[in-house]
Amino acid sequence: MGLTIGVDIGGTKIAAGVVDEAGNILATCKVPTPSTPEGVIDAIADAVRTVSADHDVEAVGIGAAGYVDDKRATVLFAPNINWRHEALKDKVEQRVGLPVVVENDANAAAWGEYRFGAGQGHDDVICITLGTGLGGGIIIGNKLRRGRFGVAAEFGHIRVVPDGLLCGCGSQGCWEQYASGRALVRYAKQRANATPENAAILLGLGDGTVEGIEGKHISAAARQGDPVAIDSFRELARWAGAGLADLASLFDPSAFIVGGGVSDEGDLVLDPIRKSFKRWLIGGQWRPHAQVLAAQLGGKAGLVGAADLARQG
């Protein structure tokens, strides 16, 4: 199969792109994400028609946040779009006249990194995305592992603290409540409130109040040496690395790939994640260690991965 289209559904925009067999994006377009479930489907179809106008494409891959069934056709549950058992494959196929594959967005991003990014050269890779929440993907033996019902690798909702912080999923103590962009902001606000004298740079980048702290302020302040910002990243990294150590006990990959907005800070966050991973890896002094790598494709990973999964059929 030659050219395919990848679609990445975001909270504010839907991106579509024509992708070749080498993972190169040949054409792209972005449209705002509508507020209604049916409107999203129409917007996907419009974006596909737009990017395919000047290219001979053969299939479409869609990355959707939520639970996707084992047939890669139906979105069982998408919290941000209010899809419940939504027959996304059939509805988009009817509108665009092309074969469609639906995949969880984190799985699609993981596959993109495995095929064309940091995972090249590895047969067994676990990906995590540290964004607003925490997602992931499993590639073992060069295959994307989705589980019997298609909803594997929801790493963010592994419970790491019994009766811990309430999660948006309805459970308590989920990993993403301790290792995510939201968690980073919470850590910074708590520390700035306790010791404002150590957060002068951080507070100065916002509106001067603890409530005004945002993720971009924490990143900028940490690069300028702000103690509270640096300590907040270290706390996130402690939880992230400990979680990777648990995943190593489950899957024993040769590499972990860390993506998502938080990972854009590079070694500022990756180095302490590596240290935490080494600290908590069971039997770490006697066993080989998986590499902890930065994702390479950035925001393109989901689109490229979805397109390639459509090519795989």
# chains A, B, ... in the order shown; residues from 1 in each chain; ligands from 1
>>> closest_atom_pairs(of="range 144-224 of chain A", to="range 69-81 of chain A", cutoff="9 Å", atoms="only C-alpha atoms", output="tab-separated table")
residue	atom	partner	partner_atom	distance
A:Arg146	CA	A:Asp70	CA	7.5
A:Gly147	CA	A:Asp70	CA	7.8
A:Arg148	CA	A:Asp70	CA	6.7
A:Phe149	CA	A:Asp70	CA	4.9
A:Gly150	CA	A:Asp70	CA	4.1
A:Val151	CA	A:Asp69	CA	6.9
A:Cys169	CA	A:Pro79	CA	8.8
>>> residues_around(residues="range 35-42 of chain A", least_positions_apart="6", cutoff="8 Å", atoms="only C-alpha atoms", output="mmCIF file with N, CA, C and O atoms, in the first residue's frame")
data_model
loop_
_atom_site.group_PDB
_atom_site.id
_atom_site.type_symbol
_atom_site.label_atom_id
_atom_site.label_comp_id
_atom_site.auth_asym_id
_atom_site.auth_seq_id
_atom_site.Cartn_x
_atom_site.Cartn_y
_atom_site.Cartn_z
ATOM 1 N N ILE A 81 -15.159 13.591 23.968
ATOM 2 C CA ILE A 81 -16.043 13.829 22.823
ATOM 3 C C ILE A 81 -17.445 13.298 23.096
ATOM 4 O O ILE A 81 -18.372 13.552 22.349
ATOM 5 N N ASN A 82 -17.603 12.557 24.163
ATOM 6 C CA ASN A 82 -18.896 11.964 24.513
ATOM 7 C C ASN A 82 -19.338 10.923 23.503
ATOM 8 O O ASN A 82 -20.525 10.799 23.181
ATOM 9 N N TRP A 83 -18.348 10.173 22.973
ATOM 10 C CA TRP A 83 -18.672 9.017 22.145
ATOM 11 C C TRP A 83 -18.884 7.811 23.041
ATOM 12 O O TRP A 83 -18.064 7.521 23.924
ATOM 13 N N LEU A 88 -17.302 4.639 14.523
ATOM 14 C CA LEU A 88 -16.531 5.663 13.820
ATOM 15 C C LEU A 88 -16.043 5.175 12.456
ATOM 16 O O LEU A 88 -16.102 5.912 11.466
ATOM 17 N N LYS A 91 -18.949 5.153 9.868
ATOM 18 C CA LYS A 91 -19.463 6.484 9.549
ATOM 19 C C LYS A 91 -18.485 7.279 8.684
ATOM 20 O O LYS A 91 -18.898 7.994 7.757
ATOM 21 N N VAL A 92 -17.180 7.176 8.981
ATOM 22 C CA VAL A 92 -16.198 7.904 8.173
ATOM 23 C C VAL A 92 -16.057 7.255 6.800
ATOM 24 O O VAL A 92 -15.954 7.949 5.774
#
>>> residues_around(residues="range 21-27 of chain A", least_positions_apart="4", cutoff="7 Å", atoms="only C-alpha atoms", output="count of residues only")
6
>>> residues_around(residues="Gly97 in chain A", least_positions_apart="3", cutoff="12 Å", atoms="only C-alpha atoms", output="list in words")
Ala45, Val48, Arg49, Ser52, Val57, Glu58, Ala59, Val60, Lys89, Asp90, Lys91, Val92, Glu93, Gln94 and Val100 of chain A
>>> residues_around(residues="Gly141 in chain A", least_positions_apart="4", cutoff="9 Å", atoms="only C-alpha atoms", output="PyMOL selection string")
chain A and resi 123-125
>>> write_last_selection(atoms="N, CA and C atoms", output="PDB file, in the first residue's frame")
ATOM      1  N   ASP A 123      12.880  -4.136  18.995  1.00  0.00           N
ATOM      2  CA  ASP A 123      11.746  -5.038  18.769  1.00  0.00           C
ATOM      3  C   ASP A 123      10.701  -4.926  19.872  1.00  0.00           C
ATOM      4  N   ASP A 124      11.135  -4.516  21.060  1.00  0.00           N
ATOM      5  CA  ASP A 124      10.260  -4.499  22.238  1.00  0.00           C
ATOM      6  C   ASP A 124      10.352  -3.128  22.892  1.00  0.00           C
ATOM      7  N   VAL A 125       9.290  -2.366  22.766  1.00  0.00           N
ATOM      8  CA  VAL A 125       9.289  -0.972  23.192  1.00  0.00           C
ATOM      9  C   VAL A 125       8.012  -0.687  23.972  1.00  0.00           C
TER      10      VAL A 125
END
>>> closest_residue(among="A:Gly137, A:Gly206, A:Gly181, A:Gly63", to="Phe233 in chain A", atoms="only C-alpha atoms")
A:Gly181
>>> residues_around(residues="Arg234 in chain A", least_positions_apart="3", cutoff="8 Å", atoms="only C-alpha atoms", output="list in words")
Ile230, Asp231, Ala237, Arg238, Val269, Pro272 and Ile273 of chain A
>>> residues_around(residues="Phe251 in chain A", least_positions_apart="4", cutoff="10 Å", atoms="only C-alpha atoms", output="MDAnalysis selection string")
chainID A and resid 124:126 138:140 246:247
>>> write_last_selection(atoms="all heavy atoms", output="short mmCIF file (atom, residue, chain, number, x, y, z; two decimals), in the first residue's frame")
data_model
loop_
_atom_site.label_atom_id
_atom_site.label_comp_id
_atom_site.auth_asym_id
_atom_site.auth_seq_id
_atom_site.Cartn_x
_atom_site.Cartn_y
_atom_site.Cartn_z
N ASP A 124 11.14 -4.52 21.06
CA ASP A 124 10.26 -4.50 22.24
C ASP A 124 10.35 -3.13 22.89
O ASP A 124 11.37 -2.79 23.50
CB ASP A 124 10.69 -5.59 23.23
CG ASP A 124 10.74 -6.96 22.58
OD1 ASP A 124 9.67 -7.49 22.27
OD2 ASP A 124 11.85 -7.48 22.37
N VAL A 125 9.29 -2.37 22.77
CA VAL A 125 9.29 -0.97 23.19
C VAL A 125 8.01 -0.69 23.97
O VAL A 125 6.93 -1.12 23.59
CB VAL A 125 9.35 -0.03 21.97
CG1 VAL A 125 9.19 1.43 22.40
CG2 VAL A 125 10.64 -0.21 21.20
N ILE A 126 8.15 0.04 25.06
CA ILE A 126 7.00 0.58 25.78
C ILE A 126 7.06 2.10 25.68
O ILE A 126 8.09 2.70 25.98
CB ILE A 126 7.00 0.15 27.27
CG1 ILE A 126 7.01 -1.37 27.40
CG2 ILE A 126 5.79 0.76 27.98
CD1 ILE A 126 5.81 -2.07 26.83
N ILE A 138 2.16 -0.39 23.76
CA ILE A 138 2.99 -1.58 23.95
C ILE A 138 3.34 -2.17 22.59
O ILE A 138 2.44 -2.54 21.82
CB ILE A 138 2.26 -2.64 24.78
CG1 ILE A 138 1.80 -2.09 26.13
CG2 ILE A 138 3.12 -3.89 24.97
CD1 ILE A 138 0.77 -2.97 26.83
N ILE A 139 4.63 -2.26 22.27
CA ILE A 139 5.08 -2.98 21.08
C ILE A 139 6.01 -4.08 21.57
O ILE A 139 7.08 -3.81 22.13
CB ILE A 139 5.82 -2.08 20.07
CG1 ILE A 139 4.84 -1.08 19.45
CG2 ILE A 139 6.43 -2.91 18.97
CD1 ILE A 139 4.82 0.27 20.08
N ILE A 140 5.59 -5.32 21.41
CA ILE A 140 6.39 -6.48 21.81
C ILE A 140 6.51 -7.41 20.60
O ILE A 140 5.50 -7.73 19.96
CB ILE A 140 5.75 -7.24 22.99
CG1 ILE A 140 5.65 -6.33 24.23
CG2 ILE A 140 6.53 -8.52 23.30
CD1 ILE A 140 6.98 -5.94 24.83
N ASP A 246 8.13 -0.51 37.32
CA ASP A 246 7.06 -1.51 37.40
C ASP A 246 6.74 -2.09 36.02
O ASP A 246 6.53 -3.30 35.87
CB ASP A 246 5.80 -0.90 38.01
CG ASP A 246 5.94 -0.61 39.49
OD1 ASP A 246 6.85 -1.19 40.12
OD2 ASP A 246 5.15 0.19 40.02
N LEU A 247 6.70 -1.23 35.01
CA LEU A 247 6.41 -1.71 33.66
C LEU A 247 7.54 -2.62 33.16
O LEU A 247 7.29 -3.57 32.39
CB LEU A 247 6.22 -0.54 32.70
CG LEU A 247 5.00 0.35 32.95
CD1 LEU A 247 4.92 1.45 31.90
CD2 LEU A 247 3.71 -0.47 32.95
#
>>> atom_distance(atom1="CA of Tyr67 in chain A", atom2="CA of Gly135 in chain A")
11.7 Å
>>> select_by_dssp(residues="range 119-308 of chain A", states="helix (DSSP H, G or I)", output="PDB file with C-alpha atoms, in the first residue's frame")
ATOM      1  CA  PHE A 155      -1.054   3.004  31.954  1.00  0.00           C
ATOM      2  CA  GLY A 156      -2.279   6.291  33.360  1.00  0.00           C
ATOM      3  CA  HIS A 157      -5.003   4.461  35.263  1.00  0.00           C
ATOM      4  CA  TRP A 175      -0.518   7.002  38.046  1.00  0.00           C
ATOM      5  CA  GLU A 176      -1.419  10.032  35.922  1.00  0.00           C
ATOM      6  CA  GLN A 177      -2.388  11.940  39.057  1.00  0.00           C
ATOM      7  CA  GLY A 181       1.318  17.824  33.210  1.00  0.00           C
ATOM      8  CA  ARG A 182      -1.528  18.324  35.671  1.00  0.00           C
ATOM      9  CA  ALA A 183       0.556  16.772  38.436  1.00  0.00           C
ATOM     10  CA  LEU A 184       3.497  19.047  37.605  1.00  0.00           C
ATOM     11  CA  VAL A 185       1.346  22.160  37.992  1.00  0.00           C
ATOM     12  CA  ARG A 186      -0.065  20.858  41.264  1.00  0.00           C
ATOM     13  CA  TYR A 187       3.427  20.200  42.651  1.00  0.00           C
ATOM     14  CA  ALA A 188       4.588  23.673  41.685  1.00  0.00           C
ATOM     15  CA  LYS A 189       1.576  25.387  43.243  1.00  0.00           C
ATOM     16  CA  GLN A 190       1.941  23.433  46.478  1.00  0.00           C
ATOM     17  CA  ARG A 191       5.627  24.256  46.774  1.00  0.00           C
ATOM     18  CA  ALA A 192       5.243  27.895  45.772  1.00  0.00           C
ATOM     19  CA  ASN A 193       2.526  28.314  48.358  1.00  0.00           C
ATOM     20  CA  ALA A 194       4.692  26.738  51.076  1.00  0.00           C
ATOM     21  CA  PRO A 196       7.234  31.568  47.979  1.00  0.00           C
ATOM     22  CA  GLU A 197      10.749  32.843  48.582  1.00  0.00           C
ATOM     23  CA  ASN A 198      12.043  29.856  46.585  1.00  0.00           C
ATOM     24  CA  ALA A 200      10.467  34.109  42.853  1.00  0.00           C
ATOM     25  CA  ILE A 201      11.315  33.380  39.226  1.00  0.00           C
ATOM     26  CA  LEU A 202       8.328  31.099  38.793  1.00  0.00           C
ATOM     27  CA  LEU A 203       5.851  33.560  40.261  1.00  0.00           C
ATOM     28  CA  GLY A 204       7.374  36.391  38.246  1.00  0.00           C
ATOM     29  CA  LEU A 205       6.692  34.597  34.990  1.00  0.00           C
ATOM     30  CA  VAL A 210       0.256  30.829  43.028  1.00  0.00           C
ATOM     31  CA  GLU A 211      -3.082  30.366  41.253  1.00  0.00           C
ATOM     32  CA  GLY A 212      -1.608  31.862  38.082  1.00  0.00           C
ATOM     33  CA  GLY A 215       3.005  24.535  32.898  1.00  0.00           C
ATOM     34  CA  LYS A 216       4.879  26.870  30.551  1.00  0.00           C
ATOM     35  CA  HIS A 217       5.926  29.000  33.534  1.00  0.00           C
ATOM     36  CA  ILE A 218       7.346  25.959  35.349  1.00  0.00           C
ATOM     37  CA  SER A 219       9.416  24.940  32.326  1.00  0.00           C
ATOM     38  CA  ALA A 220      10.820  28.421  31.799  1.00  0.00           C
ATOM     39  CA  ALA A 221      11.516  28.915  35.502  1.00  0.00           C
ATOM     40  CA  ALA A 222      13.312  25.573  35.797  1.00  0.00           C
ATOM     41  CA  ARG A 223      15.595  26.526  32.925  1.00  0.00           C
ATOM     42  CA  PRO A 227      14.297  25.915  43.010  1.00  0.00           C
ATOM     43  CA  VAL A 228      10.546  25.254  43.204  1.00  0.00           C
ATOM     44  CA  ALA A 229      10.244  24.606  39.472  1.00  0.00           C
ATOM     45  CA  ILE A 230      13.229  22.238  39.467  1.00  0.00           C
ATOM     46  CA  ASP A 231      11.946  20.379  42.519  1.00  0.00           C
ATOM     47  CA  SER A 232       8.514  20.020  40.891  1.00  0.00           C
ATOM     48  CA  PHE A 233      10.064  18.368  37.850  1.00  0.00           C
ATOM     49  CA  ARG A 234      12.035  16.066  40.132  1.00  0.00           C
ATOM     50  CA  GLU A 235       8.871  15.008  41.935  1.00  0.00           C
ATOM     51  CA  LEU A 236       7.115  14.222  38.665  1.00  0.00           C
ATOM     52  CA  ALA A 237      10.197  12.328  37.497  1.00  0.00           C
ATOM     53  CA  ARG A 238      10.320  10.302  40.706  1.00  0.00           C
ATOM     54  CA  TRP A 239       6.820   8.988  40.065  1.00  0.00           C
ATOM     55  CA  ALA A 240       7.394   8.513  36.341  1.00  0.00           C
ATOM     56  CA  GLY A 241      10.612   6.546  36.829  1.00  0.00           C
ATOM     57  CA  ALA A 242       9.109   4.352  39.539  1.00  0.00           C
ATOM     58  CA  GLY A 243       6.227   3.539  37.197  1.00  0.00           C
ATOM     59  CA  LEU A 244       8.616   2.610  34.399  1.00  0.00           C
ATOM     60  CA  ALA A 245      10.390   0.247  36.791  1.00  0.00           C
ATOM     61  CA  ASP A 246       7.059  -1.513  37.400  1.00  0.00           C
ATOM     62  CA  LEU A 247       6.415  -1.715  33.656  1.00  0.00           C
ATOM     63  CA  ALA A 248       9.883  -3.229  33.203  1.00  0.00           C
ATOM     64  CA  SER A 249       8.865  -6.022  35.565  1.00  0.00           C
ATOM     65  CA  LEU A 250       5.794  -6.650  33.417  1.00  0.00           C
ATOM     66  CA  PHE A 251       7.152  -6.324  29.881  1.00  0.00           C
ATOM     67  CA  GLY A 261       4.373  17.790  26.228  1.00  0.00           C
ATOM     68  CA  VAL A 262       6.238  17.303  29.508  1.00  0.00           C
ATOM     69  CA  SER A 263       9.008  15.375  27.734  1.00  0.00           C
ATOM     70  CA  ASP A 264       9.673  18.379  25.486  1.00  0.00           C
ATOM     71  CA  GLU A 265      11.881  19.656  28.304  1.00  0.00           C
ATOM     72  CA  ASP A 267      17.091  16.103  29.950  1.00  0.00           C
ATOM     73  CA  LEU A 268      15.549  18.473  32.489  1.00  0.00           C
ATOM     74  CA  VAL A 269      12.932  15.780  33.042  1.00  0.00           C
ATOM     75  CA  LEU A 270      14.473  12.712  31.383  1.00  0.00           C
ATOM     76  CA  ASP A 271      17.636  12.582  33.473  1.00  0.00           C
ATOM     77  CA  PRO A 272      15.751  12.448  36.796  1.00  0.00           C
ATOM     78  CA  ILE A 273      13.324   9.907  35.274  1.00  0.00           C
ATOM     79  CA  ARG A 274      16.311   7.712  34.385  1.00  0.00           C
ATOM     80  CA  LYS A 275      17.682   8.046  37.922  1.00  0.00           C
ATOM     81  CA  SER A 276      14.324   7.143  39.456  1.00  0.00           C
ATOM     82  CA  PHE A 277      13.933   4.205  37.085  1.00  0.00           C
ATOM     83  CA  LYS A 278      17.353   2.884  38.113  1.00  0.00           C
ATOM     84  CA  ARG A 279      16.529   3.439  41.800  1.00  0.00           C
ATOM     85  CA  TRP A 280      13.267   1.466  41.708  1.00  0.00           C
ATOM     86  CA  GLY A 298       6.759  15.295  18.755  1.00  0.00           C
ATOM     87  CA  GLY A 299       3.192  16.193  17.857  1.00  0.00           C
ATOM     88  CA  LYS A 300       3.439  14.326  14.537  1.00  0.00           C
ATOM     89  CA  ALA A 301       3.701  10.869  16.117  1.00  0.00           C
ATOM     90  CA  GLY A 302      -0.026  10.166  16.357  1.00  0.00           C
ATOM     91  CA  LEU A 303      -0.792  11.277  12.810  1.00  0.00           C
ATOM     92  CA  VAL A 304       2.129   9.356  11.290  1.00  0.00           C
ATOM     93  CA  GLY A 305       1.411   6.279  13.392  1.00  0.00           C
ATOM     94  CA  ALA A 306      -2.282   6.235  12.511  1.00  0.00           C
ATOM     95  CA  ALA A 307      -1.457   6.492   8.819  1.00  0.00           C
ATOM     96  CA  ASP A 308       1.006   3.622   9.042  1.00  0.00           C
TER      97      ASP A 308
END
>>> closest_residue(among="A:Ala179, A:Cys174, A:Ile44, A:Ala310", to="Pro99 in chain A", atoms="only C-alpha atoms")
A:Ala310
>>> closest_residue(among="A:Ile128, A:Ala106, A:Leu98, A:Val18", to="Gly259 in chain A", atoms="only C-alpha atoms")
A:Ile128
>>> closest_residue(among="A:Ala153, A:Leu281, A:Leu293, A:Gly6", to="Asp252 in chain A", atoms="only C-alpha atoms")
A:Leu281
>>> closest_residue(among="A:Glu86, A:Ile282, A:Phe256, A:Gly266", to="Gln120 in chain A", atoms="only C-alpha atoms")
A:Phe256
